[in-house]
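Asks: Before I ask anything, here is the structure I am working with.
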Amino acid sequence: MSKLNRKNLLWEGSRMFLPEHRRALLKQRKEATRLTPPTLDEQQWEIIRYLIQEAIEQEQPIVATYVCAYEIAHFCGFVDKVEEMDKYIQLSNGTKIQKIPFHLLMDVAWP
Amino acid sequence: MRNPELQNRPVVVSGDPNRRSGVILAACPIAKSYGIKNAETLWEAMKACPEVVVVRPQMGLYLQISLQITEILEGFTDLVEPYSIDEQFLDVTGSERLFGDIDTISKKIQQAIYNETGVYARVGIGPNKVLSKMACDNFAKKNKQGIFRLDQTNIKEKLWPLPVNNCFGVGRRMTRNLQRIGITTIGELANYPLEKLKKHWGINGHVLWMTANGMDLSPVTLTSFSQQKAIGHHMTLPRDYRRAADIEVILLELCEEVCRRARRQHLAGITVHVGCRSADFDCPTGFSRQQNLGYAQNETMPIFHAAKQLFHQHWDGEPIRSLGISLGGLSPDSPIQLDLFTDRNKKRALGAVVDEIKERYGSTAILHAASLTSAGQAAERAKKIGGHYQ
């Protein structure tokens with residue numbers, strides 16, 4: 001019987017699957033794992049604002065945690081600018097410049 | 001569903017009657033009551049029922065609804081395995097506490113699909129995939145509720161009296177083979193000495209015996225279609241192709257499509273497989289052969305040359321009705337096997353440019369000149385999904 005435990009071979013051999021269908025299914029599955037940024041309350045925003053302000057004044061780097069499509073990302077860098085109009089913060093660390101929209105921001109902390 | 005005027009009329013879905021796709025792809029229950037069967041020609045169907053309404057397939061819409069149904073099913077369990085555009089397996093073992101017993105879940109699924117898509121889904125229930133599939137095909141599609149449960153308690157009474165061709169995995173040829181040794185029903189297959197079946201058909205015989213006895217060890221898996229073993233394209237030709245030069249045009253077009261898909265997924269294949277079937281229905285000939293390419297590749301022309309050589313080696317000269325090519329032994333295309341005599345980088349760059357143009361301006365934006373001859377099918381094929389109009 002062990003030879004017959006062929007996992008899913010019985011169905012894979014007979015399956016009729018269009019390449020367009022396969023591609024769309026994989027895309028749908030990937031989209032299902034897309035992260036939605038959490039809604040921060042006023043107090044959390046206050047802390048984030050304070051830390052960014054401190055980082056600018058003291059010229060110190062900070063670590064920003066943000067949602068990057070399918071995963072949570074971290075970026076450590078100096079605050080270049082805070083664009084209130086376009087609603088993003090720009091950090092840089094000598095090798096990379098990162099723009100982070102406010103709505104994707106989850107947390108800010110000292111390194 | 002989309003056209004309420006057709007609700008109580010005999011409706012069939014059929015391709016273009018002037019091409020080979022002019023067969024009945026699907027028929028509604030009213031059309032079937034006139035004796036119309038799937039896969040018969042459109043004119044046969046029209047003879048059986050002159051007032052039949054013929055609609056063209058809309059593959060894009062079917063795909064979209066199939067994906068929507070997958071999403072609905074994922075609301076009932078995370079174990080959903082799409083098997084084809086209109087069949088999906090669900091393992092609801094862990095969902096009973098949330099949604100109720102298996103019969104309640106089945107009704108809820110059927111209702112949810114109907115409410116959101118207007119499609120009347122049939123549900124086959126079983127302790128494994130093969131029993132649920134046979135429950136769906138042989139019973140749920142034929143009873144009023146559209147739900148049927150098949151397990152070891154009713155298999156002898158319900159499944160075994162059915163003709164052997166209703167058993168999953170038994171096709172036209174196998175039916176003939178089984179009839180030759182006196183097996184005409186699923187029950188006779190189930191009770192036939194296993195050793196004899198194994199002697200005749202090896203592991204396949206064993207699997208058929210297990211199927212007839214309602215045994216299947218396959219899991220419902222999420223990964224079955226995410227790992228790809230081969231990339232292939234197959235085409236039923238609109239007319240019989242007799243000249244080698246014409247067949248080579250199709251071979252080239254199929255190679256281009258296969259290689260484009262491989263390149264898009266950053267894969268390369270080490271074996272090329274060519275299969276064809278002759279036009280004579282009563283005495284079909286054809287072959288299915290593969291060749292090792294020496295190293296993994298995904299450039300169109302070298303694969304075309306290998307496929308052409310393979311074709312000429314095995315073709316018996318009979319007119320061709322269908323042709324297919326696939327690329328197997330897949331691996332990532334990032335390590336390149338360098339060749340002393342050809343500049344592979346140049347070929348790869350050419351492939352990348354062609355792909356980019358097709359991606360941006362449509363798959364007919366750039367074609368091989370051969371595709372513009374009367375033998376070419378690339379332009380027509382670009383309008384279709386799975387051989388039917390989008």
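Ordering of the structure tokens sets the chain letters (A, B, ...), residue numbers begin anew at 1 in every chain, and ligands are numbered from 1 in the order given.
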Any idea which chain B residues end up within 8 Å of chain A if we count only C-alpha atoms, as a list in words please?

Replies: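 Going by the stated atoms only, the list reads Leu63, Leu67, Tyr83, Ser84, Ile85, Ile203, Val207, Leu217, Ser218, Pro219, Val220, Thr221, Ser224, Phe225, Ser226, Ile385 and Gly386 of chain B.
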
Asks: Write out as a VMD selection string the residues lying within 12 Å of Glu54 in chain A, counting only C-alpha atoms and excluding same-chain residues fewer than 6 positions away.

Replies: chain A and resid 47 to 48 60 to 62 78 to 79 108 to 110

Asks: Near Tyr241 in chain B, counting only C-alpha atoms, which residues have an atom at most 12 Å away, once you skip same-chain residues fewer than 2 positions from it, shown as a ChimeraX atom specification?

Replies: /B:236-239,243-251,276-280,317-323,374-377

Asks: Once you have the residues from the selection above, write them out as a short mmCIF file (atom, residue, chain, number, x, y, z; two decimals), in the first residue's frame, restricted to N, CA, C and O atoms.

Replies:
```cif
data_model
loop_
_atom_site.label_atom_id
_atom_site.label_comp_id
_atom_site.auth_asym_id
_atom_site.auth_seq_id
_atom_site.Cartn_x
_atom_site.Cartn_y
_atom_site.Cartn_z
N THR B 236 -5.91 21.85 -30.80
CA THR B 236 -6.68 21.10 -31.79
C THR B 236 -6.80 22.02 -32.99
O THR B 236 -7.27 23.14 -32.87
N LEU B 237 -6.35 21.54 -34.13
CA LEU B 237 -6.26 22.43 -35.30
C LEU B 237 -7.64 22.63 -35.96
O LEU B 237 -8.48 21.72 -35.91
N PRO B 238 -7.85 23.79 -36.56
CA PRO B 238 -9.16 24.05 -37.16
C PRO B 238 -9.45 23.20 -38.39
O PRO B 238 -10.57 23.03 -38.80
N ARG B 239 -8.38 22.68 -39.00
CA ARG B 239 -8.54 21.77 -40.14
C ARG B 239 -7.39 20.77 -40.09
O ARG B 239 -6.45 20.97 -39.31
N ARG B 243 0.72 19.20 -44.81
CA ARG B 243 2.08 19.52 -45.25
C ARG B 243 3.00 19.74 -44.05
O ARG B 243 2.62 20.43 -43.10
N ALA B 244 4.21 19.18 -44.17
CA ALA B 244 5.18 19.33 -43.07
C ALA B 244 5.45 20.80 -42.77
O ALA B 244 5.53 21.21 -41.62
N ALA B 245 5.53 21.62 -43.85
CA ALA B 245 5.85 23.04 -43.67
C ALA B 245 4.77 23.73 -42.83
O ALA B 245 5.07 24.58 -41.99
N ASP B 246 3.50 23.36 -43.06
CA ASP B 246 2.40 23.97 -42.30
C ASP B 246 2.46 23.54 -40.83
O ASP B 246 2.23 24.34 -39.93
N ILE B 247 2.75 22.26 -40.63
CA ILE B 247 2.80 21.75 -39.25
C ILE B 247 3.93 22.42 -38.48
O ILE B 247 3.79 22.75 -37.31
N GLU B 248 5.04 22.69 -39.21
CA GLU B 248 6.17 23.35 -38.55
C GLU B 248 5.81 24.75 -38.06
O GLU B 248 6.32 25.22 -37.05
N VAL B 249 4.90 25.43 -38.78
CA VAL B 249 4.45 26.76 -38.35
C VAL B 249 3.77 26.65 -36.97
O VAL B 249 4.05 27.41 -36.06
N ILE B 250 2.91 25.65 -36.85
CA ILE B 250 2.21 25.45 -35.57
C ILE B 250 3.21 25.08 -34.47
O ILE B 250 3.13 25.57 -33.34
N LEU B 251 4.16 24.21 -34.85
CA LEU B 251 5.20 23.81 -33.87
C LEU B 251 5.93 25.05 -33.34
O LEU B 251 6.14 25.20 -32.13
N CYS B 276 1.31 14.30 -30.99
CA CYS B 276 0.34 14.67 -32.01
C CYS B 276 -0.64 13.54 -32.24
O CYS B 276 -0.39 12.40 -31.86
N ARG B 277 -1.79 13.90 -32.81
CA ARG B 277 -2.80 12.90 -33.13
C ARG B 277 -3.24 13.08 -34.55
O ARG B 277 -3.40 14.22 -35.01
N SER B 278 -3.45 11.97 -35.23
CA SER B 278 -3.84 12.08 -36.63
C SER B 278 -5.32 12.39 -36.74
O SER B 278 -6.07 12.32 -35.78
N ALA B 279 -5.74 12.70 -37.97
CA ALA B 279 -7.10 13.18 -38.18
C ALA B 279 -8.12 12.05 -38.24
O ALA B 279 -9.30 12.28 -38.04
N ASP B 280 -7.68 10.84 -38.50
CA ASP B 280 -8.62 9.74 -38.68
C ASP B 280 -9.19 9.29 -37.33
O ASP B 280 -8.50 8.71 -36.50
N GLY B 317 3.38 10.67 -41.42
CA GLY B 317 2.95 11.31 -42.67
C GLY B 317 1.45 11.48 -42.79
O GLY B 317 0.96 12.08 -43.73
N GLU B 318 0.69 10.94 -41.80
CA GLU B 318 -0.77 11.07 -41.83
C GLU B 318 -1.17 12.51 -41.48
O GLU B 318 -0.46 13.18 -40.73
N PRO B 319 -2.30 13.02 -42.02
CA PRO B 319 -2.72 14.38 -41.65
C PRO B 319 -2.90 14.53 -40.14
O PRO B 319 -3.29 13.58 -39.46
N ILE B 320 -2.59 15.72 -39.65
CA ILE B 320 -2.59 15.95 -38.19
C ILE B 320 -3.83 16.70 -37.76
O ILE B 320 -4.24 17.66 -38.41
N ARG B 321 -4.41 16.26 -36.65
CA ARG B 321 -5.60 16.92 -36.10
C ARG B 321 -5.25 17.76 -34.87
O ARG B 321 -5.81 18.82 -34.63
N SER B 322 -4.31 17.27 -34.08
CA SER B 322 -3.93 18.06 -32.91
C SER B 322 -2.45 17.89 -32.61
O SER B 322 -1.84 16.87 -32.97
N LEU B 323 -1.89 18.91 -31.98
CA LEU B 323 -0.45 18.95 -31.76
C LEU B 323 -0.17 19.60 -30.41
O LEU B 323 -0.84 20.56 -30.03
N SER B 374 -0.96 31.11 -44.33
CA SER B 374 -2.31 30.56 -44.10
C SER B 374 -2.29 29.49 -43.02
O SER B 374 -3.32 29.18 -42.41
N ALA B 375 -1.12 28.90 -42.76
CA ALA B 375 -1.05 27.85 -41.74
C ALA B 375 -1.05 28.42 -40.32
O ALA B 375 -1.42 27.74 -39.37
N GLY B 376 -0.67 29.68 -40.17
CA GLY B 376 -0.50 30.27 -38.85
C GLY B 376 -1.80 30.37 -38.07
O GLY B 376 -2.86 30.64 -38.63
N GLN B 377 -1.73 30.15 -36.77
CA GLN B 377 -2.91 30.22 -35.90
C GLN B 377 -2.72 31.19 -34.75
O GLN B 377 -3.61 31.35 -33.92
#
```

Asks: Enumerate the residues of range 171-353 of chain B with a DSSP assignment of strand (DSSP E), computed from the backbone, and present them as a compact mmCIF listing (two decimals) with all heavy atoms, in the first residue's frame.

Replies:
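And here's result_26.txt as it stands now:
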```txt
# COMPACT_ATOMS: atom_id res chain seq x y z
N ALA B 230 5.89 20.90 -15.54
CA ALA B 230 6.13 21.11 -16.98
C ALA B 230 5.28 22.26 -17.46
O ALA B 230 4.29 22.60 -16.84
CB ALA B 230 5.78 19.84 -17.74
N ILE B 231 5.71 22.86 -18.56
CA ILE B 231 4.92 23.92 -19.17
C ILE B 231 4.59 23.44 -20.56
O ILE B 231 5.49 23.10 -21.33
CB ILE B 231 5.72 25.24 -19.22
CG1 ILE B 231 6.01 25.73 -17.80
CG2 ILE B 231 4.96 26.30 -20.01
CD1 ILE B 231 6.87 26.97 -17.74
N GLY B 232 3.31 23.37 -20.88
CA GLY B 232 2.95 22.84 -22.19
C GLY B 232 1.79 23.57 -22.82
O GLY B 232 1.02 24.25 -22.15
N HIS B 233 1.72 23.44 -24.15
CA HIS B 233 0.57 23.96 -24.88
C HIS B 233 0.15 22.91 -25.89
O HIS B 233 0.99 22.24 -26.48
CB HIS B 233 0.92 25.26 -25.60
CG HIS B 233 0.74 26.46 -24.73
ND1 HIS B 233 -0.49 26.97 -24.45
CD2 HIS B 233 1.63 27.21 -24.07
CE1 HIS B 233 -0.35 28.00 -23.65
NE2 HIS B 233 0.94 28.17 -23.38
N HIS B 234 -1.15 22.82 -26.06
CA HIS B 234 -1.68 21.83 -26.98
C HIS B 234 -2.75 22.52 -27.82
O HIS B 234 -3.42 23.42 -27.33
CB HIS B 234 -2.29 20.67 -26.17
CG HIS B 234 -2.86 19.61 -27.03
ND1 HIS B 234 -4.16 19.63 -27.44
CD2 HIS B 234 -2.29 18.54 -27.60
CE1 HIS B 234 -4.37 18.58 -28.23
NE2 HIS B 234 -3.25 17.91 -28.34
N MET B 235 -2.88 22.09 -29.03
CA MET B 235 -3.85 22.76 -29.89
C MET B 235 -4.57 21.76 -30.79
O MET B 235 -3.93 20.93 -31.44
CB MET B 235 -3.09 23.77 -30.75
CG MET B 235 -3.99 24.66 -31.51
SD MET B 235 -2.97 25.86 -32.36
CE MET B 235 -4.24 26.74 -33.19
N THR B 236 -5.91 21.85 -30.80
CA THR B 236 -6.68 21.10 -31.79
C THR B 236 -6.80 22.02 -32.99
O THR B 236 -7.27 23.14 -32.87
CB THR B 236 -8.07 20.72 -31.24
OG1 THR B 236 -7.87 19.92 -30.08
CG2 THR B 236 -8.87 19.95 -32.25
N LEU B 237 -6.35 21.54 -34.13
CA LEU B 237 -6.26 22.43 -35.30
C LEU B 237 -7.64 22.63 -35.96
O LEU B 237 -8.48 21.72 -35.91
CB LEU B 237 -5.27 21.83 -36.31
CG LEU B 237 -3.87 21.66 -35.70
CD1 LEU B 237 -3.03 20.71 -36.53
CD2 LEU B 237 -3.19 23.01 -35.59
N PRO B 238 -7.85 23.79 -36.56
CA PRO B 238 -9.16 24.05 -37.16
C PRO B 238 -9.45 23.20 -38.39
O PRO B 238 -10.57 23.03 -38.80
CB PRO B 238 -9.09 25.53 -37.53
CG PRO B 238 -7.65 25.84 -37.64
CD PRO B 238 -6.96 24.94 -36.68
N ARG B 239 -8.38 22.68 -39.00
CA ARG B 239 -8.54 21.77 -40.14
C ARG B 239 -7.39 20.77 -40.09
O ARG B 239 -6.45 20.97 -39.31
CB ARG B 239 -8.52 22.54 -41.47
CG ARG B 239 -7.25 23.34 -41.65
CD ARG B 239 -7.24 24.14 -42.94
NE ARG B 239 -6.18 25.14 -42.93
CZ ARG B 239 -4.91 24.91 -43.20
NH1 ARG B 239 -4.51 23.67 -43.49
NH2 ARG B 239 -4.02 25.87 -43.16
N ASP B 240 -7.46 19.73 -40.91
CA ASP B 240 -6.35 18.77 -40.91
C ASP B 240 -5.13 19.40 -41.56
O ASP B 240 -5.24 20.03 -42.60
CB ASP B 240 -6.74 17.51 -41.71
CG ASP B 240 -7.92 16.82 -41.06
OD1 ASP B 240 -8.19 17.12 -39.88
OD2 ASP B 240 -8.56 16.01 -41.74
N TYR B 241 -3.98 19.22 -40.96
CA TYR B 241 -2.73 19.75 -41.52
C TYR B 241 -1.98 18.59 -42.16
O TYR B 241 -1.69 17.59 -41.50
CB TYR B 241 -1.88 20.40 -40.41
CG TYR B 241 -2.24 21.85 -40.15
CD1 TYR B 241 -3.55 22.23 -39.91
CD2 TYR B 241 -1.26 22.85 -40.15
CE1 TYR B 241 -3.89 23.55 -39.68
CE2 TYR B 241 -1.58 24.18 -39.91
CZ TYR B 241 -2.90 24.53 -39.68
OH TYR B 241 -3.23 25.83 -39.46
N LEU B 267 11.93 30.17 -15.57
CA LEU B 267 12.23 28.74 -15.54
C LEU B 267 12.83 28.31 -16.88
O LEU B 267 12.60 28.97 -17.90
CB LEU B 267 10.94 27.93 -15.31
CG LEU B 267 10.27 28.10 -13.95
CD1 LEU B 267 8.89 27.44 -13.97
CD2 LEU B 267 11.12 27.48 -12.85
N ALA B 268 13.60 27.23 -16.84
CA ALA B 268 14.13 26.65 -18.07
C ALA B 268 13.92 25.15 -17.98
O ALA B 268 13.88 24.59 -16.88
CB ALA B 268 15.60 26.99 -18.21
N GLY B 269 13.76 24.48 -19.14
CA GLY B 269 13.48 23.05 -19.13
C GLY B 269 14.55 22.27 -19.84
O GLY B 269 15.19 22.79 -20.77
N ILE B 270 14.72 21.02 -19.41
CA ILE B 270 15.79 20.21 -20.01
C ILE B 270 15.24 19.16 -20.99
O ILE B 270 15.97 18.62 -21.80
CB ILE B 270 16.67 19.58 -18.90
CG1 ILE B 270 18.01 19.14 -19.47
CG2 ILE B 270 15.98 18.41 -18.21
CD1 ILE B 270 19.08 18.98 -18.44
N THR B 271 13.90 18.91 -20.92
CA THR B 271 13.34 17.96 -21.90
C THR B 271 12.22 18.63 -22.68
O THR B 271 11.44 19.40 -22.14
CB THR B 271 12.73 16.71 -21.22
OG1 THR B 271 11.88 17.15 -20.18
CG2 THR B 271 13.76 15.78 -20.68
N VAL B 272 12.19 18.33 -23.96
CA VAL B 272 11.09 18.82 -24.79
C VAL B 272 10.25 17.61 -25.19
O VAL B 272 10.79 16.55 -25.50
CB VAL B 272 11.58 19.65 -25.99
CG1 VAL B 272 12.44 18.84 -26.93
CG2 VAL B 272 10.41 20.26 -26.76
N HIS B 273 8.94 17.79 -25.11
CA HIS B 273 8.04 16.71 -25.42
C HIS B 273 7.13 17.14 -26.57
O HIS B 273 6.60 18.25 -26.57
CB HIS B 273 7.23 16.38 -24.16
CG HIS B 273 6.08 15.48 -24.43
ND1 HIS B 273 4.84 15.95 -24.78
CD2 HIS B 273 5.99 14.14 -24.41
CE1 HIS B 273 4.04 14.92 -24.97
NE2 HIS B 273 4.70 13.83 -24.76
N VAL B 274 6.96 16.27 -27.56
CA VAL B 274 6.06 16.58 -28.68
C VAL B 274 5.03 15.47 -28.77
O VAL B 274 5.37 14.28 -28.68
CB VAL B 274 6.85 16.66 -30.02
CG1 VAL B 274 5.89 16.93 -31.18
CG2 VAL B 274 7.89 17.75 -29.96
N GLY B 275 3.77 15.84 -28.94
CA GLY B 275 2.72 14.84 -29.09
C GLY B 275 1.79 15.26 -30.21
O GLY B 275 1.55 16.45 -30.40
N CYS B 276 1.31 14.30 -30.99
CA CYS B 276 0.34 14.67 -32.01
C CYS B 276 -0.64 13.54 -32.24
O CYS B 276 -0.39 12.40 -31.86
CB CYS B 276 1.05 15.04 -33.31
SG CYS B 276 1.56 13.66 -34.28
N ARG B 277 -1.79 13.90 -32.81
CA ARG B 277 -2.80 12.90 -33.13
C ARG B 277 -3.24 13.08 -34.55
O ARG B 277 -3.40 14.22 -35.01
CB ARG B 277 -4.00 13.04 -32.19
CG ARG B 277 -4.17 11.82 -31.32
CD ARG B 277 -5.40 11.93 -30.52
NE ARG B 277 -6.58 11.88 -31.38
CZ ARG B 277 -7.81 11.77 -30.91
NH1 ARG B 277 -8.02 11.74 -29.62
NH2 ARG B 277 -8.83 11.71 -31.73
N SER B 278 -3.45 11.97 -35.23
CA SER B 278 -3.84 12.08 -36.63
C SER B 278 -5.32 12.39 -36.74
O SER B 278 -6.07 12.32 -35.78
CB SER B 278 -3.52 10.78 -37.35
OG SER B 278 -4.44 9.80 -36.93
N GLY B 286 -0.65 8.48 -34.08
CA GLY B 286 -0.01 9.65 -33.49
C GLY B 286 1.10 9.18 -32.59
O GLY B 286 1.38 7.97 -32.50
N PHE B 287 1.77 10.10 -31.94
CA PHE B 287 2.87 9.70 -31.06
C PHE B 287 3.00 10.70 -29.93
O PHE B 287 2.38 11.76 -29.94
CB PHE B 287 4.18 9.60 -31.86
CG PHE B 287 4.64 10.92 -32.40
CD1 PHE B 287 5.43 11.77 -31.61
CD2 PHE B 287 4.29 11.34 -33.67
CE1 PHE B 287 5.85 12.99 -32.11
CE2 PHE B 287 4.71 12.56 -34.17
CZ PHE B 287 5.49 13.39 -33.38
N SER B 288 3.80 10.33 -28.96
CA SER B 288 4.09 11.18 -27.82
C SER B 288 5.52 10.84 -27.41
O SER B 288 5.77 9.78 -26.86
CB SER B 288 3.09 10.84 -26.72
OG SER B 288 3.41 11.56 -25.56
N ARG B 289 6.44 11.72 -27.77
CA ARG B 289 7.85 11.42 -27.54
C ARG B 289 8.57 12.62 -26.92
O ARG B 289 8.18 13.76 -27.14
CB ARG B 289 8.54 11.09 -28.86
CG ARG B 289 8.14 9.78 -29.46
CD ARG B 289 8.81 8.61 -28.76
NE ARG B 289 8.52 7.35 -29.41
CZ ARG B 289 7.39 6.65 -29.26
NH1 ARG B 289 6.45 7.11 -28.45
NH2 ARG B 289 7.21 5.51 -29.89
N GLN B 290 9.63 12.33 -26.18
CA GLN B 290 10.39 13.44 -25.63
C GLN B 290 11.89 13.28 -25.88
O GLN B 290 12.37 12.18 -26.19
CB GLN B 290 10.10 13.62 -24.15
CG GLN B 290 10.53 12.49 -23.27
CD GLN B 290 10.23 12.81 -21.81
OE1 GLN B 290 9.20 13.36 -21.51
NE2 GLN B 290 11.15 12.47 -20.94
N GLN B 291 12.58 14.39 -25.74
CA GLN B 291 14.03 14.37 -26.02
C GLN B 291 14.73 15.26 -25.00
O GLN B 291 14.20 16.30 -24.60
CB GLN B 291 14.25 14.92 -27.43
CG GLN B 291 15.68 14.78 -27.89
CD GLN B 291 15.90 15.49 -29.23
OE1 GLN B 291 15.04 15.47 -30.10
NE2 GLN B 291 17.05 16.11 -29.36
N ASN B 292 15.92 14.82 -24.60
CA ASN B 292 16.70 15.62 -23.67
C ASN B 292 17.46 16.69 -24.46
O ASN B 292 18.03 16.40 -25.51
CB ASN B 292 17.69 14.70 -22.94
CG ASN B 292 18.29 15.39 -21.75
OD1 ASN B 292 18.91 16.43 -21.89
ND2 ASN B 292 18.10 14.81 -20.58
N LEU B 293 17.44 17.90 -23.94
CA LEU B 293 18.07 19.01 -24.67
C LEU B 293 19.54 19.18 -24.32
O LEU B 293 20.23 20.02 -24.88
CB LEU B 293 17.35 20.32 -24.36
CG LEU B 293 15.89 20.44 -24.82
CD1 LEU B 293 15.19 21.58 -24.13
CD2 LEU B 293 15.84 20.62 -26.33
N GLY B 294 20.02 18.42 -23.36
CA GLY B 294 21.44 18.54 -22.96
C GLY B 294 21.60 19.46 -21.77
O GLY B 294 22.28 19.12 -20.82
N TYR B 295 21.00 20.60 -21.84
CA TYR B 295 21.00 21.52 -20.68
C TYR B 295 19.70 22.32 -20.69
O TYR B 295 19.04 22.44 -21.73
CB TYR B 295 22.23 22.44 -20.70
CG TYR B 295 22.45 23.19 -21.99
CD1 TYR B 295 21.81 24.40 -22.22
CD2 TYR B 295 23.32 22.69 -22.96
CE1 TYR B 295 22.01 25.08 -23.41
CE2 TYR B 295 23.53 23.37 -24.15
CZ TYR B 295 22.86 24.57 -24.36
OH TYR B 295 23.05 25.24 -25.54
N ALA B 296 19.34 22.86 -19.51
CA ALA B 296 18.06 23.56 -19.38
C ALA B 296 18.06 24.84 -20.19
O ALA B 296 19.02 25.61 -20.13
CB ALA B 296 17.79 23.87 -17.92
N GLN B 297 17.03 25.05 -20.98
CA GLN B 297 16.93 26.29 -21.75
C GLN B 297 15.49 26.75 -21.91
O GLN B 297 14.56 25.98 -21.69
CB GLN B 297 17.61 26.15 -23.11
CG GLN B 297 17.45 24.82 -23.81
CD GLN B 297 18.37 24.71 -25.01
OE1 GLN B 297 18.43 25.61 -25.83
NE2 GLN B 297 19.07 23.60 -25.12
N ILE B 320 -2.59 15.72 -39.65
CA ILE B 320 -2.59 15.95 -38.19
C ILE B 320 -3.83 16.70 -37.76
O ILE B 320 -4.24 17.66 -38.41
CB ILE B 320 -1.34 16.81 -37.83
CG1 ILE B 320 -0.07 16.07 -38.16
CG2 ILE B 320 -1.37 17.23 -36.37
CD1 ILE B 320 0.22 14.91 -37.27
N ARG B 321 -4.41 16.26 -36.65
CA ARG B 321 -5.60 16.92 -36.10
C ARG B 321 -5.25 17.76 -34.87
O ARG B 321 -5.81 18.82 -34.63
CB ARG B 321 -6.59 15.82 -35.72
CG ARG B 321 -7.79 16.30 -35.00
CD ARG B 321 -8.61 15.13 -34.49
NE ARG B 321 -9.72 15.68 -33.74
CZ ARG B 321 -10.81 16.18 -34.29
NH1 ARG B 321 -10.95 16.19 -35.59
NH2 ARG B 321 -11.77 16.68 -33.55
N SER B 322 -4.31 17.27 -34.08
CA SER B 322 -3.93 18.06 -32.91
C SER B 322 -2.45 17.89 -32.61
O SER B 322 -1.84 16.87 -32.97
CB SER B 322 -4.76 17.66 -31.69
OG SER B 322 -4.41 16.40 -31.26
N LEU B 323 -1.89 18.91 -31.98
CA LEU B 323 -0.45 18.95 -31.76
C LEU B 323 -0.17 19.60 -30.41
O LEU B 323 -0.84 20.56 -30.03
CB LEU B 323 0.15 19.80 -32.90
CG LEU B 323 1.65 19.78 -33.15
CD1 LEU B 323 2.10 18.38 -33.52
CD2 LEU B 323 1.98 20.72 -34.31
N GLY B 324 0.82 19.09 -29.70
CA GLY B 324 1.15 19.68 -28.41
C GLY B 324 2.63 19.62 -28.13
O GLY B 324 3.34 18.74 -28.64
N ILE B 325 3.10 20.60 -27.35
CA ILE B 325 4.51 20.65 -26.98
C ILE B 325 4.61 20.96 -25.51
O ILE B 325 3.82 21.78 -24.99
CB ILE B 325 5.23 21.76 -27.78
CG1 ILE B 325 5.48 21.27 -29.19
CG2 ILE B 325 6.55 22.16 -27.13
CD1 ILE B 325 6.21 22.23 -30.04
N SER B 326 5.53 20.32 -24.81
CA SER B 326 5.75 20.76 -23.43
C SER B 326 7.23 20.71 -23.09
O SER B 326 8.01 19.99 -23.71
CB SER B 326 4.91 19.95 -22.45
OG SER B 326 5.39 18.66 -22.37
N LEU B 327 7.56 21.52 -22.12
CA LEU B 327 8.94 21.66 -21.67
C LEU B 327 8.97 21.13 -20.23
O LEU B 327 8.25 21.64 -19.37
CB LEU B 327 9.31 23.15 -21.72
CG LEU B 327 10.76 23.55 -21.56
CD1 LEU B 327 11.62 22.93 -22.64
CD2 LEU B 327 10.90 25.07 -21.61
N GLY B 328 9.79 20.09 -20.01
CA GLY B 328 9.80 19.48 -18.67
C GLY B 328 11.17 19.57 -18.02
O GLY B 328 12.10 20.13 -18.59
N SER B 331 13.80 24.02 -14.06
CA SER B 331 14.68 24.53 -13.01
C SER B 331 14.79 26.04 -13.20
O SER B 331 14.48 26.54 -14.28
CB SER B 331 16.05 23.86 -13.10
OG SER B 331 16.60 24.11 -14.38
N PRO B 332 15.25 26.79 -12.18
CA PRO B 332 15.37 28.24 -12.35
C PRO B 332 16.33 28.56 -13.50
O PRO B 332 17.31 27.85 -13.71
CB PRO B 332 15.96 28.71 -11.01
CG PRO B 332 15.65 27.63 -10.06
CD PRO B 332 15.62 26.36 -10.83
```

Asks: Could you list, as a list in words, every residue within 12 Å of Ser363 in chain B, counting only C-alpha atoms and ignoring same-chain residues fewer than 6 positions away?

Replies: Glu253, Glu256, Glu257, Arg260, Arg261, Val354, Asp355, Glu356, Ile357, Ala378, Ala379, Glu380, Arg381, Ala382, Lys383 and Lys384 of chain B

Asks: Can you tell me which residues surround Arg34 in chain A at a distance of at most 7 Å, considering only C-alpha atoms, apart from same-chain residues fewer than 4 positions away, and format the answer as a PyMOL selection string?

Replies: chain A and resi 30+69-70

Asks: Any chance you can output those residues with all heavy atoms as an mmCIF file, in the first residue's frame?

Replies:
```cif
data_model
loop_
_atom_site.group_PDB
_atom_site.id
_atom_site.type_symbol
_atom_site.label_atom_id
_atom_site.label_comp_id
_atom_site.auth_asym_id
_atom_site.auth_seq_id
_atom_site.Cartn_x
_atom_site.Cartn_y
_atom_site.Cartn_z
ATOM 1 N N LYS A 30 -1.986 35.272 -3.389
ATOM 2 C CA LYS A 30 -0.978 36.241 -2.952
ATOM 3 C C LYS A 30 -1.673 37.490 -2.400
ATOM 4 O O LYS A 30 -1.306 38.009 -1.342
ATOM 5 C CB LYS A 30 -0.088 36.595 -4.160
ATOM 6 C CG LYS A 30 0.968 37.623 -3.901
ATOM 7 C CD LYS A 30 2.315 36.987 -3.703
ATOM 8 C CE LYS A 30 3.370 38.045 -3.447
ATOM 9 N NZ LYS A 30 4.406 37.687 -2.575
ATOM 10 N N ALA A 69 3.302 45.996 1.593
ATOM 11 C CA ALA A 69 2.480 45.064 0.804
ATOM 12 C C ALA A 69 2.166 43.746 1.523
ATOM 13 O O ALA A 69 1.099 43.589 2.105
ATOM 14 C CB ALA A 69 3.078 44.817 -0.565
ATOM 15 N N TYR A 70 3.110 42.779 1.497
ATOM 16 C CA TYR A 70 2.804 41.472 2.054
ATOM 17 C C TYR A 70 3.562 41.179 3.350
ATOM 18 O O TYR A 70 3.489 40.098 3.883
ATOM 19 C CB TYR A 70 3.129 40.375 1.018
ATOM 20 C CG TYR A 70 2.455 40.620 -0.291
ATOM 21 C CD1 TYR A 70 3.148 41.152 -1.363
ATOM 22 C CD2 TYR A 70 1.098 40.350 -0.440
ATOM 23 C CE1 TYR A 70 2.524 41.404 -2.566
ATOM 24 C CE2 TYR A 70 0.459 40.600 -1.636
ATOM 25 C CZ TYR A 70 1.171 41.127 -2.699
ATOM 26 O OH TYR A 70 0.542 41.376 -3.886
#
```
